[in-house]
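Before any comments, here is the structure.
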Amino acid sequence: TFLVCTSTAFIVLCSGLYKGSNLEGIELTQQALSSQIGPWASTFLAIIIFLFAFSSLLGNYYYGETNIAFIKESKTWLLIYRVAVVGMVFFGSIAALQTVWSLADFFMGLMVFTNLIAISFLSKFAYAALVDYIKQKKQGKDPVFVASSIPGLQNTECWDGQDVEEKQKAV
């Protein structure tokens, strides 16, 4: 992201099109790139943006579907989610750009709020893992996380210590 944003800024600044131009956003970027590289740059940029948007959509869809499956294995909820995603994609393609960005900002804020709540509940386990790590380092060990060493941490599917036992047997 940093590289793409910085490159875009340099292209726009080097083109000089930002001065006195009514262009903004993608239009300014396309014109700036075309002025520096040639007319084929607009098509190239459109393809790149499509691929970025499509891959972002697929990735976020997958995150949502995986979380729904984790929380509650229900074909009904999955169907509701899928219909909602198709509906939002359709809405996003016909709505005003400002409305789409405002909704995106709102939902990003909602995700941040949800994650902050989860982090606050999980922080005691993270702190306990840090204390365990520091303790192992002070003992001169190569720190290995084993879930049973954290009080109250239950229902973990990994980090059961079997790999540590196998590693010790191999040595």
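Just so we're on the same page: first chain in the structure tokens is A, next is B, and so on; residues restart at 1 for each chain, and ligands are numbered from 1 in the order they show up.
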Close residues, region 27-43 of chain A itself excluded, 10 Å, only C-alpha atoms, min 2 positions apart in chain, as a ChimeraX atom specification: /A:8-18,21-25,45-49
Write the residues of the preceding selection, restricted to N, CA and C atoms, as a CSV table (one decimal), in the first residue's frame.
```
chain,number,residue,atom,x,y,z
A,8,THR,N,2.0,6.6,-6.8
A,8,THR,CA,0.9,7.4,-7.4
A,8,THR,C,1.1,8.9,-7.2
A,9,ALA,N,1.5,9.2,-5.9
A,9,ALA,CA,1.7,10.6,-5.6
A,9,ALA,C,2.9,11.2,-6.4
A,10,PHE,N,4.0,10.5,-6.6
A,10,PHE,CA,5.1,10.9,-7.4
A,10,PHE,C,4.7,11.1,-8.9
A,11,ILE,N,3.9,10.2,-9.4
A,11,ILE,CA,3.4,10.3,-10.8
A,11,ILE,C,2.6,11.5,-11.0
A,12,VAL,N,1.7,11.8,-10.1
A,12,VAL,CA,0.8,12.9,-10.2
A,12,VAL,C,1.6,14.2,-10.0
A,13,LEU,N,2.5,14.3,-9.0
A,13,LEU,CA,3.3,15.5,-8.8
A,13,LEU,C,4.2,15.8,-10.0
A,14,CYS,N,4.8,14.7,-10.5
A,14,CYS,CA,5.8,14.9,-11.6
A,14,CYS,C,5.1,15.3,-12.9
A,15,SER,N,3.8,15.0,-13.1
A,15,SER,CA,3.1,15.3,-14.3
A,15,SER,C,2.7,16.8,-14.3
A,16,GLY,N,2.5,17.4,-13.1
A,16,GLY,CA,2.1,18.8,-13.0
A,16,GLY,C,0.6,19.0,-13.3
A,17,LEU,N,-0.1,17.9,-13.6
A,17,LEU,CA,-1.6,18.1,-13.9
A,17,LEU,C,-2.4,18.5,-12.8
A,18,TYR,N,-1.9,18.4,-11.6
A,18,TYR,CA,-2.7,18.7,-10.4
A,18,TYR,C,-2.9,20.3,-10.3
A,21,SER,N,-6.2,22.0,-12.4
A,21,SER,CA,-7.0,21.0,-13.1
A,21,SER,C,-8.3,20.6,-12.2
A,22,ASN,N,-9.3,20.4,-12.9
A,22,ASN,CA,-10.6,19.9,-12.2
A,22,ASN,C,-10.6,18.4,-12.0
A,23,LEU,N,-9.6,17.8,-12.4
A,23,LEU,CA,-9.5,16.3,-12.3
A,23,LEU,C,-9.1,16.0,-10.8
A,24,GLU,N,-9.7,14.8,-10.4
A,24,GLU,CA,-9.3,14.3,-9.1
A,24,GLU,C,-9.4,12.8,-9.0
A,25,GLY,N,-8.8,12.2,-8.0
A,25,GLY,CA,-9.0,10.7,-7.9
A,25,GLY,C,-8.4,10.0,-9.0
A,45,LEU,N,-4.0,1.0,-16.2
A,45,LEU,CA,-4.5,1.4,-14.8
A,45,LEU,C,-5.9,0.9,-14.5
A,46,ALA,N,-6.8,0.9,-15.5
A,46,ALA,CA,-8.1,0.5,-15.3
A,46,ALA,C,-8.1,-1.0,-15.0
A,47,ILE,N,-7.3,-1.8,-15.7
A,47,ILE,CA,-7.2,-3.2,-15.5
A,47,ILE,C,-6.6,-3.5,-14.1
A,48,ILE,N,-5.6,-2.8,-13.7
A,48,ILE,CA,-5.0,-3.0,-12.4
A,48,ILE,C,-6.0,-2.7,-11.3
A,49,ILE,N,-6.7,-1.6,-11.4
A,49,ILE,CA,-7.7,-1.2,-10.4
A,49,ILE,C,-8.8,-2.3,-10.3
```
As a ChimeraX atom specification, please: the residues near region 85-88 of chain A (cut-off 12 Å, only C-alpha atoms, same-chain neighbours under 5 positions excluded). /A:57-58,60-62,64-65,78-80,93-95,100,103-104,107
Write the selection just made, keeping C-alpha atoms, as a PDB file, in the first residue's frame?
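What follows is the written file selection20.pdb:
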```pdb
ATOM      1  CA  LEU A  57     -13.874  -8.217  -2.762  1.00  0.00           C
ATOM      2  CA  LEU A  58     -13.037 -11.927  -2.888  1.00  0.00           C
ATOM      3  CA  ASN A  60     -13.248  -9.799   2.252  1.00  0.00           C
ATOM      4  CA  TYR A  61     -16.033 -12.161   1.176  1.00  0.00           C
ATOM      5  CA  TYR A  62     -13.900 -15.119   2.241  1.00  0.00           C
ATOM      6  CA  GLY A  64     -16.823 -12.986   6.243  1.00  0.00           C
ATOM      7  CA  GLU A  65     -17.866 -16.463   5.161  1.00  0.00           C
ATOM      8  CA  LEU A  78     -24.538 -18.277   4.923  1.00  0.00           C
ATOM      9  CA  LEU A  79     -27.285 -17.708   2.354  1.00  0.00           C
ATOM     10  CA  ILE A  80     -28.266 -14.424   4.022  1.00  0.00           C
ATOM     11  CA  SER A  93     -22.137  -0.161  -8.542  1.00  0.00           C
ATOM     12  CA  ILE A  94     -25.172   2.138  -8.901  1.00  0.00           C
ATOM     13  CA  ALA A  95     -24.975   4.430  -5.833  1.00  0.00           C
ATOM     14  CA  VAL A 100     -20.424   4.254  -1.144  1.00  0.00           C
ATOM     15  CA  LEU A 103     -20.861   3.338   3.947  1.00  0.00           C
ATOM     16  CA  ALA A 104     -17.389   1.834   3.550  1.00  0.00           C
ATOM     17  CA  PHE A 107     -18.463  -0.484   8.132  1.00  0.00           C
TER      18      PHE A 107
END
```
Which value, in Å to one decimal, gives the distance between CA of Ala147 (chain A) and CA of Tyr133 (chain A)?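 Atom-to-atom, CA of Ala147 (chain A) and CA of Tyr133 (chain A) are spaced 12.0 Å apart.
CA of Ala128 (chain A) lies 8.0 Å from CA of Pro151 (chain A).
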Backbone-only DSSP, alpha helix (DSSP H) members of chain A, as a PyMOL selection string: chain A and resi 2-15+25-37+40-71+75-94+97-138+162-170
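Here CA of Cys158 (chain A) is placed at a distance of 27.6 Å from CA of Phe113 (chain A).
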Spatial neighbours of Asp160 (chain A), max dist 12 Å, only C-alpha atoms, sep filter under 5 positions, as a PyMOL selection string: chain A and resi 144-150+153-155+165-166
